[in-house]
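*Asks:* Structure: entry-v2.tsv, TSV, C-alpha atoms.
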```
chain	number	residue	atom	x	y	z
A	178	MET	CA	0.00	0.00	0.00
A	179	ARG	CA	1.34	3.40	-0.96
A	180	LEU	CA	1.52	5.72	2.04
A	181	MET	CA	-0.05	9.16	1.87
A	182	ASP	CA	1.76	12.44	2.37
A	183	ILE	CA	0.73	16.09	2.41
A	184	GLN	CA	2.30	17.90	-0.56
A	185	THR	CA	3.48	21.38	0.41
A	186	GLY	CA	5.39	24.29	-1.06
A	187	PRO	CA	8.61	25.82	0.37
A	188	ASP	CA	6.53	27.75	2.92
A	189	GLN	CA	4.70	24.57	4.08
A	190	ARG	CA	1.45	25.63	2.42
A	191	GLU	CA	-0.52	22.61	1.24
A	192	LEU	CA	-0.63	22.49	-2.55
A	193	ALA	CA	-3.91	20.58	-2.90
A	194	GLU	CA	-7.18	22.50	-3.14
A	195	HIS	CA	-10.22	21.35	-1.19
A	196	GLY	CA	-13.69	21.19	-2.66
A	197	SER	CA	-14.69	23.43	-5.56
A	198	PRO	CA	-15.80	27.05	-6.08
A	199	GLN	CA	-19.38	25.77	-6.14
A	200	PHE	CA	-19.05	23.99	-2.80
A	201	PRO	CA	-15.65	24.52	-1.13
A	202	LEU	CA	-15.81	21.55	1.26
A	203	GLU	CA	-14.51	18.00	1.38
A	204	ILE	CA	-14.41	15.29	4.03
A	205	HIS	CA	-11.73	12.65	4.63
A	206	TYR	CA	-11.87	9.44	6.62
A	207	ASP	CA	-8.25	8.54	7.36
A	208	SER	CA	-6.05	6.42	9.56
A	209	LEU	CA	-2.80	8.05	10.66
A	210	TYR	CA	-1.13	4.72	9.94
A	211	GLU	CA	-1.81	5.35	6.24
A	212	PHE	CA	0.50	8.41	6.27
A	213	CYS	CA	4.27	8.43	5.94
A	214	ASN	CA	5.88	7.85	9.34
A	215	ARG	CA	2.36	7.43	10.79
A	216	ARG	CA	1.95	11.18	11.15
A	217	VAL	CA	0.62	14.18	9.24
A	218	ALA	CA	3.54	16.52	8.64
A	219	CYS	CA	3.31	20.24	9.39
A	220	HIS	CA	1.33	22.20	6.79
A	221	TRP	CA	-1.23	25.01	6.51
A	222	HIS	CA	-3.97	26.18	4.16
A	223	GLU	CA	-6.56	28.90	3.79
A	224	GLU	CA	-9.38	26.50	4.68
A	225	LEU	CA	-10.67	25.73	8.14
A	226	GLU	CA	-10.04	22.16	9.24
A	227	ILE	CA	-12.08	20.21	11.80
A	228	PRO	CA	-10.81	16.74	12.71
A	229	VAL	CA	-12.94	14.47	14.91
A	230	VAL	CA	-11.30	11.40	16.46
A	231	LEU	CA	-13.25	8.21	15.80
A	232	GLN	CA	-10.71	5.76	17.18
A	233	GLY	CA	-7.46	5.95	19.13
A	234	ALA	CA	-5.95	9.20	20.38
A	235	VAL	CA	-3.90	11.91	18.66
A	236	ARG	CA	-1.85	14.96	19.46
A	237	TYR	CA	-2.14	18.12	17.34
A	238	ARG	CA	0.54	20.78	17.33
A	239	LEU	CA	-0.63	24.26	16.28
A	240	ARG	CA	2.18	26.80	16.38
A	241	ASP	CA	3.10	26.79	20.12
A	242	GLN	CA	-0.09	25.01	21.21
A	243	THR	CA	-0.50	21.27	21.84
A	244	VAL	CA	-3.93	19.64	21.91
A	245	ASP	CA	-4.58	16.00	22.76
A	246	LEU	CA	-7.80	14.45	21.50
A	247	GLU	CA	-9.61	11.31	22.62
A	248	PRO	CA	-12.30	9.42	20.70
A	249	GLY	CA	-15.39	11.58	20.16
A	250	GLU	CA	-13.49	14.86	20.55
A	251	GLY	CA	-12.72	17.38	17.82
A	252	LEU	CA	-10.71	20.49	17.08
A	253	VAL	CA	-11.35	23.55	14.91
A	254	ILE	CA	-8.06	24.58	13.27
A	255	ASN	CA	-8.12	28.16	12.10
A	256	SER	CA	-7.25	29.38	8.62
A	257	ARG	CA	-3.50	29.66	7.84
A	258	VAL	CA	-2.46	27.94	11.09
A	259	PRO	CA	0.46	25.48	10.65
A	260	HIS	CA	-0.48	22.13	12.18
A	261	SER	CA	0.73	18.55	12.42
A	262	THR	CA	-0.65	15.34	13.91
A	263	VAL	CA	0.90	12.33	15.66
A	264	PRO	CA	-0.64	9.26	17.32
A	265	LEU	CA	-0.89	8.82	21.09
A	266	GLY	CA	-0.90	5.33	22.54
A	267	ASP	CA	-0.92	2.00	20.76
A	268	GLU	CA	-4.37	2.01	19.14
A	269	GLU	CA	-4.58	2.96	15.46
A	270	PRO	CA	-5.96	6.53	15.25
A	271	VAL	CA	-8.82	7.10	12.80
A	272	LEU	CA	-9.98	10.62	11.98
A	273	LEU	CA	-13.01	12.15	10.32
A	274	THR	CA	-11.67	15.44	8.90
A	275	THR	CA	-13.86	18.18	7.46
A	276	ILE	CA	-12.01	20.85	5.46
A	277	PHE	CA	-13.81	23.86	4.00
A	278	HIS	CA	-13.12	27.40	2.94
A	279	PRO	CA	-14.55	29.92	5.44
A	280	SER	CA	-16.36	31.68	2.57
A	281	LEU	CA	-18.86	28.81	2.84
A	282	LEU	CA	-20.00	30.57	6.02
A	283	TYR	CA	-19.64	34.25	5.13
A	284	GLY	CA	-20.16	34.46	1.35
A	285	THR	CA	-17.92	37.41	0.45
A	286	PRO	CA	-15.70	39.68	2.58
A	287	ALA	CA	-18.22	42.49	2.03
A	288	THR	CA	-20.77	40.84	4.35
A	289	SER	CA	-21.22	41.73	8.01
A	290	VAL	CA	-20.77	38.03	8.86
A	291	TYR	CA	-17.20	38.29	7.64
A	292	GLN	CA	-16.50	41.76	8.97
A	293	ASN	CA	-17.91	41.24	12.46
A	294	LEU	CA	-17.32	37.54	13.05
A	295	LEU	CA	-15.27	35.41	10.66
A	296	GLY	CA	-12.69	38.08	9.80
A	297	PRO	CA	-11.79	38.88	13.43
A	298	TYR	CA	-11.83	35.17	14.25
A	299	MET	CA	-9.43	34.26	11.46
A	300	ARG	CA	-7.07	37.10	12.38
A	301	ASN	CA	-6.97	36.16	16.09
A	302	ALA	CA	-3.77	34.29	16.92
A	303	GLY	CA	-5.29	33.23	20.23
A	304	LEU	CA	-7.96	31.23	18.40
A	305	ALA	CA	-5.59	29.02	16.40
A	306	GLY	CA	-7.40	25.94	17.72
A	307	ILE	CA	-10.74	25.56	19.48
A	308	HIS	CA	-11.43	22.28	21.26
A	309	LEU	CA	-14.81	20.72	20.50
A	310	SER	CA	-16.87	18.83	23.03
A	311	ARG	CA	-18.28	15.44	22.09
A	312	GLN	CA	-21.69	17.06	21.61
A	313	GLN	CA	-20.25	19.68	19.24
A	314	ALA	CA	-18.26	17.01	17.40
A	315	GLU	CA	-21.50	15.14	16.69
A	316	ILE	CA	-22.47	17.99	14.35
A	317	LEU	CA	-19.54	17.02	12.11
A	318	GLU	CA	-20.79	13.44	12.01
A	319	GLN	CA	-24.16	14.78	10.80
A	320	VAL	CA	-22.32	16.82	8.18
A	321	ASN	CA	-20.45	13.72	7.01
A	322	ALA	CA	-23.65	11.68	6.71
A	323	LEU	CA	-25.18	14.37	4.50
A	324	TYR	CA	-21.98	14.68	2.46
A	325	GLN	CA	-21.83	10.94	1.78
A	326	GLU	CA	-25.54	10.48	0.99
A	327	ALA	CA	-25.85	13.79	-0.94
A	328	PRO	CA	-29.66	14.09	-0.79
A	329	PHE	CA	-31.43	17.00	-2.47
A	330	GLY	CA	-30.34	20.27	-0.84
A	331	PHE	CA	-27.56	18.67	1.22
A	332	GLU	CA	-25.24	21.62	0.53
A	333	LEU	CA	-27.66	24.04	2.21
A	334	GLU	CA	-28.21	21.73	5.18
A	335	ILE	CA	-24.45	21.29	5.65
A	336	GLN	CA	-23.96	25.05	5.48
A	337	GLY	CA	-26.66	25.48	8.13
A	338	LEU	CA	-25.07	22.94	10.46
A	339	LEU	CA	-21.65	24.57	10.16
A	340	CYS	CA	-23.13	28.03	10.73
A	341	ARG	CA	-24.85	26.71	13.85
A	342	LEU	CA	-21.59	25.21	15.09
A	343	PHE	CA	-19.65	28.44	14.57
A	344	PHE	CA	-22.37	30.56	16.13
A	345	GLY	CA	-22.00	28.48	19.26
A	346	LEU	CA	-18.21	28.71	19.17
A	347	LEU	CA	-17.93	32.44	18.48
A	348	SER	CA	-20.88	33.81	20.46
A	349	GLY	CA	-19.07	32.82	23.65
A	350	ARG	CA	-15.89	34.59	22.55
A	351	GLN	CA	-17.13	38.11	21.87
A	352	GLY	CA	-14.40	39.65	24.02
A	353	GLN	CA	-11.64	37.85	22.12
A	354	LEU	CA	-13.09	38.85	18.76
A	355	GLN	CA	-13.32	42.49	19.79
A	356	ALA	CA	-9.82	42.41	21.26
A	357	SER	CA	-8.45	40.93	18.05
A	358	GLY	CA	-9.47	44.15	16.35
A	359	THR	CA	-12.75	44.14	14.55
A	360	SER	CA	-11.77	46.24	11.56
A	361	GLN	CA	-12.31	49.94	11.87
A	362	GLU	CA	-14.95	51.59	9.75
A	363	ALA	CA	-12.38	53.20	7.46
A	364	SER	CA	-10.81	49.81	6.69
A	365	LEU	CA	-14.19	48.22	6.02
A	366	ASN	CA	-15.16	51.05	3.69
A	367	ARG	CA	-11.86	50.68	1.84
A	368	LEU	CA	-12.36	46.94	1.45
A	369	LYS	CA	-15.92	47.45	0.24
A	370	ALA	CA	-14.71	49.94	-2.36
A	371	LEU	CA	-12.16	47.43	-3.70
A	372	LEU	CA	-14.68	44.58	-3.77
A	373	ASP	CA	-17.25	46.75	-5.54
A	374	ILE	CA	-14.76	47.42	-8.34
A	375	LEU	CA	-13.71	43.76	-8.61
A	376	HIS	CA	-17.31	42.52	-8.69
A	377	ARG	CA	-18.42	45.19	-11.17
A	378	ASP	CA	-15.47	45.19	-13.57
A	379	TYR	CA	-14.22	41.58	-13.34
A	380	GLY	CA	-14.85	41.14	-17.05
A	381	GLU	CA	-12.47	43.98	-17.93
A	382	ARG	CA	-8.72	44.30	-17.78
A	383	LEU	CA	-8.07	45.62	-14.28
A	384	SER	CA	-5.01	47.64	-13.36
A	385	LEU	CA	-3.49	47.25	-9.90
A	386	GLY	CA	-2.40	50.87	-10.08
A	387	ASP	CA	-5.96	52.03	-10.73
A	388	LEU	CA	-7.32	49.80	-7.95
A	389	ALA	CA	-4.79	51.15	-5.48
A	390	ALA	CA	-5.44	54.74	-6.50
A	391	SER	CA	-9.19	54.28	-6.00
A	392	VAL	CA	-8.58	53.71	-2.26
A	393	SER	CA	-5.60	56.07	-1.90
A	394	LEU	CA	-2.96	53.38	-1.39
A	395	SER	CA	0.27	52.47	-3.12
A	396	ARG	CA	0.28	49.31	-5.23
A	397	GLU	CA	2.22	47.43	-2.54
A	398	GLY	CA	0.06	48.85	0.25
A	399	CYS	CA	-3.10	47.86	-1.57
A	400	CYS	CA	-1.87	44.27	-1.97
A	401	ARG	CA	-0.91	44.01	1.70
A	402	PHE	CA	-4.21	45.54	2.81
A	403	PHE	CA	-6.36	43.22	0.68
A	404	LYS	CA	-4.44	40.10	1.80
A	405	SER	CA	-4.72	41.08	5.47
A	406	MET	CA	-8.47	41.64	5.16
A	407	THR	CA	-9.44	38.62	3.05
A	408	GLY	CA	-6.64	36.08	3.35
A	409	LYS	CA	-6.25	36.10	-0.45
A	410	THR	CA	-4.19	38.14	-2.86
A	411	ILE	CA	-6.10	40.39	-5.25
A	412	SER	CA	-5.20	38.15	-8.20
A	413	GLN	CA	-6.32	34.99	-6.33
A	414	TYR	CA	-9.63	36.57	-5.36
A	415	LEU	CA	-10.25	37.92	-8.85
A	416	GLU	CA	-9.43	34.64	-10.55
A	417	ASP	CA	-11.73	32.75	-8.15
A	418	TYR	CA	-14.52	35.22	-8.83
A	419	ARG	CA	-14.05	35.04	-12.60
A	420	VAL	CA	-14.21	31.24	-12.53
A	421	SER	CA	-17.38	31.33	-10.40
A	422	GLN	CA	-19.00	33.69	-12.92
A	423	GLY	CA	-17.80	31.46	-15.75
A	424	ILE	CA	-19.59	28.49	-14.15
A	425	LEU	CA	-22.86	30.43	-14.36
A	426	LEU	CA	-22.32	31.34	-18.02
A	427	LEU	CA	-21.41	27.79	-19.01
A	428	ALA	CA	-25.01	26.82	-18.24
A	429	ASP	CA	-26.06	28.90	-21.25
A	430	GLU	CA	-25.03	26.97	-24.36
A	431	SER	CA	-25.62	29.97	-26.57
A	432	TYR	CA	-22.16	31.08	-25.42
A	433	SER	CA	-19.13	29.22	-26.72
A	434	ILE	CA	-16.40	28.45	-24.19
A	435	ALA	CA	-14.19	31.03	-25.88
A	436	GLN	CA	-16.90	33.66	-25.46
A	437	VAL	CA	-17.33	32.75	-21.79
A	438	SER	CA	-13.60	33.12	-21.20
A	439	TYR	CA	-13.57	36.66	-22.62
A	440	LEU	CA	-16.81	37.67	-20.90
A	441	VAL	CA	-15.41	36.86	-17.46
A	442	GLY	CA	-12.14	38.67	-18.05
A	443	PHE	CA	-9.60	36.04	-19.12
A	444	GLY	CA	-7.31	37.14	-21.91
A	445	ASN	CA	-7.71	33.89	-23.83
A	446	PRO	CA	-9.55	30.54	-23.55
A	447	GLY	CA	-6.36	28.75	-22.50
A	448	ARG	CA	-5.98	30.86	-19.36
A	449	PHE	CA	-9.65	30.34	-18.53
A	450	SER	CA	-9.35	26.59	-18.99
A	451	ALA	CA	-6.23	26.40	-16.80
A	452	ALA	CA	-7.79	28.45	-13.99
A	453	PHE	CA	-11.05	26.51	-14.25
A	454	SER	CA	-9.28	23.12	-14.18
A	455	ARG	CA	-7.26	24.05	-11.08
A	456	ARG	CA	-10.47	24.68	-9.16
A	457	MET	CA	-12.96	22.25	-10.72
A	458	HIS	CA	-10.59	19.38	-11.64
A	459	CYS	CA	-12.03	19.28	-15.14
A	460	THR	CA	-12.00	21.52	-18.20
A	461	PRO	CA	-14.87	23.93	-18.97
A	462	ARG	CA	-15.90	21.66	-21.85
A	463	GLN	CA	-15.98	18.58	-19.60
A	464	TYR	CA	-17.92	20.50	-16.97
A	465	ARG	CA	-20.53	21.66	-19.49
A	466	GLN	CA	-20.94	18.10	-20.81
A	467	ARG	CA	-21.36	16.68	-17.29
A	468	GLN	CA	-24.02	19.24	-16.44
A	469	LYS	CA	-25.82	18.47	-19.70
A	470	THR	CA	-25.74	14.72	-18.93
A	471	LYS	CA	-27.23	15.33	-15.47
A	472	GLN	CA	-30.17	17.14	-17.00
A	473	GLU	CA	-30.96	14.42	-19.53
```
Output the structure of this file as structure tokens.
*Replies:*
Amino acid sequence: MRLMDIQTGPDQRELAEHGSPQFPLEIHYDSLYEFCNRRVACHWHEELEIPVVLQGAVRYRLRDQTVDLEPGEGLVINSRVPHSTVPLGDEEPVLLTTIFHPSLLYGTPATSVYQNLLGPYMRNAGLAGIHLSRQQAEILEQVNALYQEAPFGFELEIQGLLCRLFFGLLSGRQGQLQASGTSQEASLNRLKALLDILHRDYGERLSLGDLAASVSLSREGCCRFFKSMTGKTISQYLEDYRVSQGILLLADESYSIAQVSYLVGFGNPGRFSAAFSRRMHCTPRQYRQRQKTKQE
């Protein structure tokens, strides 16, 4: 049996993407014994990760924090937090791990859910890991059942369960969220101005200089500001948004794939196809054919 390993870049960021732009969530059922050296090496990603221990015991290391988990317990690992996992004891550890992008909860950074709750949470170093009780961990088992069975509307029900979980986690930590610096009004207004331009003009050729000038920042300052507020670079966010808009247009077969690529702001169909494939794990043409087959 070939052992698994987490593929990372030089900065330990995981290279694999999780889920898709349509539903940025995936769930893994893994034994630590199936990984190289029976451990998950240190890595990080933009997504939130919630492991629940089904069997055995494990130790998670998150920056300078160590968390031991017994069967039935779980842990919410914050976005961009380096983490690793090792077994504890002699019993084979089995984990149910839910990984999803936080935008599944907040939509876009322009929403008050992001600005007042998820943004401050993700920027709070003191909330790198939140221990889940057995009762809270049961919500993830419900999520997994829906994910595996995929009944009609399962995406919405999963989103609701995760929102309920995070409401419970964050509503008891209002002081920490406020202390972490809920963004000041000026910063929120600046972010909204940038997002308004990106959402309105995504189909056009956008200049970083013009974007920065629109909010009275230098090019470098604008990039740093956007990354600090959203967790993504401007180019990452824009490419994600263009692909998501392309998915909507692909449903209309009156548009050729080349037309769709230009309409959503890619300079040529090849760039659109490459960006689309990175996120959807198929080409635009394959995606359109699959959707057509589903409808027949």
*Asks:* Which one is closest to Gly196 in chain A: A:Pro270, A:Pro286, A:Pro279, A:Gly303? Count all atoms listed in the file.
*Replies:*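 Going through A:Pro270, A:Pro286, A:Pro279, A:Gly303 one by one, the smallest distance to Gly196 in chain A is for A:Pro279.
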*Asks:* Which neighbours of Ser364 in chain A fall inside 9 Å, counting all atoms listed in the file, when residues of the same chain fewer than 4 positions from it are skipped, and could you give them as a PyMOL selection string?
*Replies:* chain A and resi 360+368-369+402+406
*Asks:* Write out as JSON lines a residue-level contact list of range 391-469 of chain A versus range 257-265 of chain A with cut-off 12 Å: for each qualifying residue the closest pair of atoms and the distance in Å to one decimal, counting all atoms listed in the file, rows sorted by chain and residue number upward.
*Replies:*
```
{"residue": "A:Ser405", "atom": "CA", "partner": "A:Arg257", "partner_atom": "CA", "distance": 11.7}
{"residue": "A:Thr407", "atom": "CA", "partner": "A:Arg257", "partner_atom": "CA", "distance": 11.8}
{"residue": "A:Gly408", "atom": "CA", "partner": "A:Arg257", "partner_atom": "CA", "distance": 8.4}
{"residue": "A:Lys409", "atom": "CA", "partner": "A:Arg257", "partner_atom": "CA", "distance": 10.9}
```
*Asks:* Using all atoms listed in the file, which of the listed residues (A:Ser256, A:Asp188, A:Phe329, A:Ala287) sits closest to Ala302 in chain A?
*Replies:*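 Closest residue, counting all atoms listed in the file: A:Ser256.
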*Asks:* Between CA of Ile335 in chain A and CA of Ala314 in chain A, what is the spacing in Å?
*Replies:* 14.0 Å
*Asks:* Measuring between all atoms listed in the file, which one of A:Val244, A:Leu426, A:Ala218, A:Val420 shows the shortest distance to Phe449 in chain A?
*Replies:*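 Residue with the minimum atom-to-atom distance to Phe449 in chain A: A:Val420.
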*Asks:* So how far away is CA of Tyr418 in chain A from CA of Gln463 in chain A, in Å?
*Replies:*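 Straight-line distance from CA of Gln463 in chain A to CA of Tyr418 in chain A works out to 19.9 Å.
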*Asks:* Can you tell me how far CA of Leu339 in chain A sits from CA of Ser421 in chain A, in Å to one decimal?
*Replies:*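 Between these atoms lies a distance of 22.1 Å.
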*Asks:* Skipping near chain neighbours, those fewer than 4 positions away, what residues fall within 12 Å of Pro187 in chain A using all atoms listed in the file, listed as a PDB file with C-alpha atoms, in the frame of the given file?
*Replies:*
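Below is the file that was written, around-v9.pdb:
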```pdb
ATOM      1  CA  GLU A 191      -0.520  22.610   1.240  1.00  0.00           C
ATOM      2  CA  LEU A 192      -0.630  22.490  -2.550  1.00  0.00           C
ATOM      3  CA  CYS A 219       3.310  20.240   9.390  1.00  0.00           C
ATOM      4  CA  HIS A 220       1.330  22.200   6.790  1.00  0.00           C
ATOM      5  CA  TRP A 221      -1.230  25.010   6.510  1.00  0.00           C
TER       6      TRP A 221
END
```
*Asks:* Would you kindly return, as a PDB file with C-alpha atoms, keeping the file's coordinate frame, each protein, DNA or RNA residue with an atom no farther than 12 Å from any atom of Leu273 in chain A, considering all atoms listed in the file and excluding same-chain residues fewer than 4 positions away?
*Replies:*
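Contents of part.pdb, freshly written:
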```pdb
ATOM      1  CA  GLU A 203     -14.510  18.000   1.380  1.00  0.00           C
ATOM      2  CA  ILE A 204     -14.410  15.290   4.030  1.00  0.00           C
ATOM      3  CA  HIS A 205     -11.730  12.650   4.630  1.00  0.00           C
ATOM      4  CA  TYR A 206     -11.870   9.440   6.620  1.00  0.00           C
ATOM      5  CA  ASP A 207      -8.250   8.540   7.360  1.00  0.00           C
ATOM      6  CA  SER A 208      -6.050   6.420   9.560  1.00  0.00           C
ATOM      7  CA  LEU A 209      -2.800   8.050  10.660  1.00  0.00           C
ATOM      8  CA  GLU A 226     -10.040  22.160   9.240  1.00  0.00           C
ATOM      9  CA  ILE A 227     -12.080  20.210  11.800  1.00  0.00           C
ATOM     10  CA  PRO A 228     -10.810  16.740  12.710  1.00  0.00           C
ATOM     11  CA  VAL A 229     -12.940  14.470  14.910  1.00  0.00           C
ATOM     12  CA  VAL A 230     -11.300  11.400  16.460  1.00  0.00           C
ATOM     13  CA  LEU A 231     -13.250   8.210  15.800  1.00  0.00           C
ATOM     14  CA  GLN A 232     -10.710   5.760  17.180  1.00  0.00           C
ATOM     15  CA  PRO A 248     -12.300   9.420  20.700  1.00  0.00           C
ATOM     16  CA  GLY A 249     -15.390  11.580  20.160  1.00  0.00           C
ATOM     17  CA  GLU A 250     -13.490  14.860  20.550  1.00  0.00           C
ATOM     18  CA  GLY A 251     -12.720  17.380  17.820  1.00  0.00           C
ATOM     19  CA  LEU A 252     -10.710  20.490  17.080  1.00  0.00           C
ATOM     20  CA  ALA A 314     -18.260  17.010  17.400  1.00  0.00           C
ATOM     21  CA  GLU A 315     -21.500  15.140  16.690  1.00  0.00           C
ATOM     22  CA  ILE A 316     -22.470  17.990  14.350  1.00  0.00           C
ATOM     23  CA  LEU A 317     -19.540  17.020  12.110  1.00  0.00           C
ATOM     24  CA  GLU A 318     -20.790  13.440  12.010  1.00  0.00           C
ATOM     25  CA  GLN A 319     -24.160  14.780  10.800  1.00  0.00           C
ATOM     26  CA  VAL A 320     -22.320  16.820   8.180  1.00  0.00           C
ATOM     27  CA  ASN A 321     -20.450  13.720   7.010  1.00  0.00           C
ATOM     28  CA  ALA A 322     -23.650  11.680   6.710  1.00  0.00           C
TER      29      ALA A 322
END
```
*Asks:* Check the smallest atom-to-atom distance from each of A:Glu247, A:Val271, A:Gly296, A:Gly349 to Ser310 in chain A using only C-alpha atoms, then report the winner.
*Replies:*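 The closest residue to Ser310 in chain A is A:Glu247.
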*Asks:* Up to 6 Å from (-11.0, 27.0, 15.2) in the file's coordinates: name the residues, counting all atoms listed in the file, as a VMD selection string.
*Replies:* chain A and resid 253 to 255 305 to 307
*Asks:* With all atoms listed in the file as the atoms that count, which of A:Pro297, A:Gly284, A:Gly186, A:Gly444 lies nearest to Arg419 in chain A?
*Replies:*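 So, comparing all the options, the nearest one is A:Gly444.
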*Asks:* Considering all atoms listed in the file, state which residue in the set A:Val437, A:Cys340, A:Ile374, A:Ala193 is at the smallest distance from Asp387 in chain A.
*Replies:*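 So, comparing all the options, the nearest one is A:Ile374.
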*Asks:* Applying 10 Å and only C-alpha atoms, which residues near Met181 in chain A remain after dropping the ones on its own chain fewer than 4 positions away? List them as a list in words.
*Replies:*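 Contacts, in chain order: Asp207, Leu209, Tyr210, Glu211, Phe212, Cys213, Asn214, Arg215, Arg216 and Val217 of chain A.
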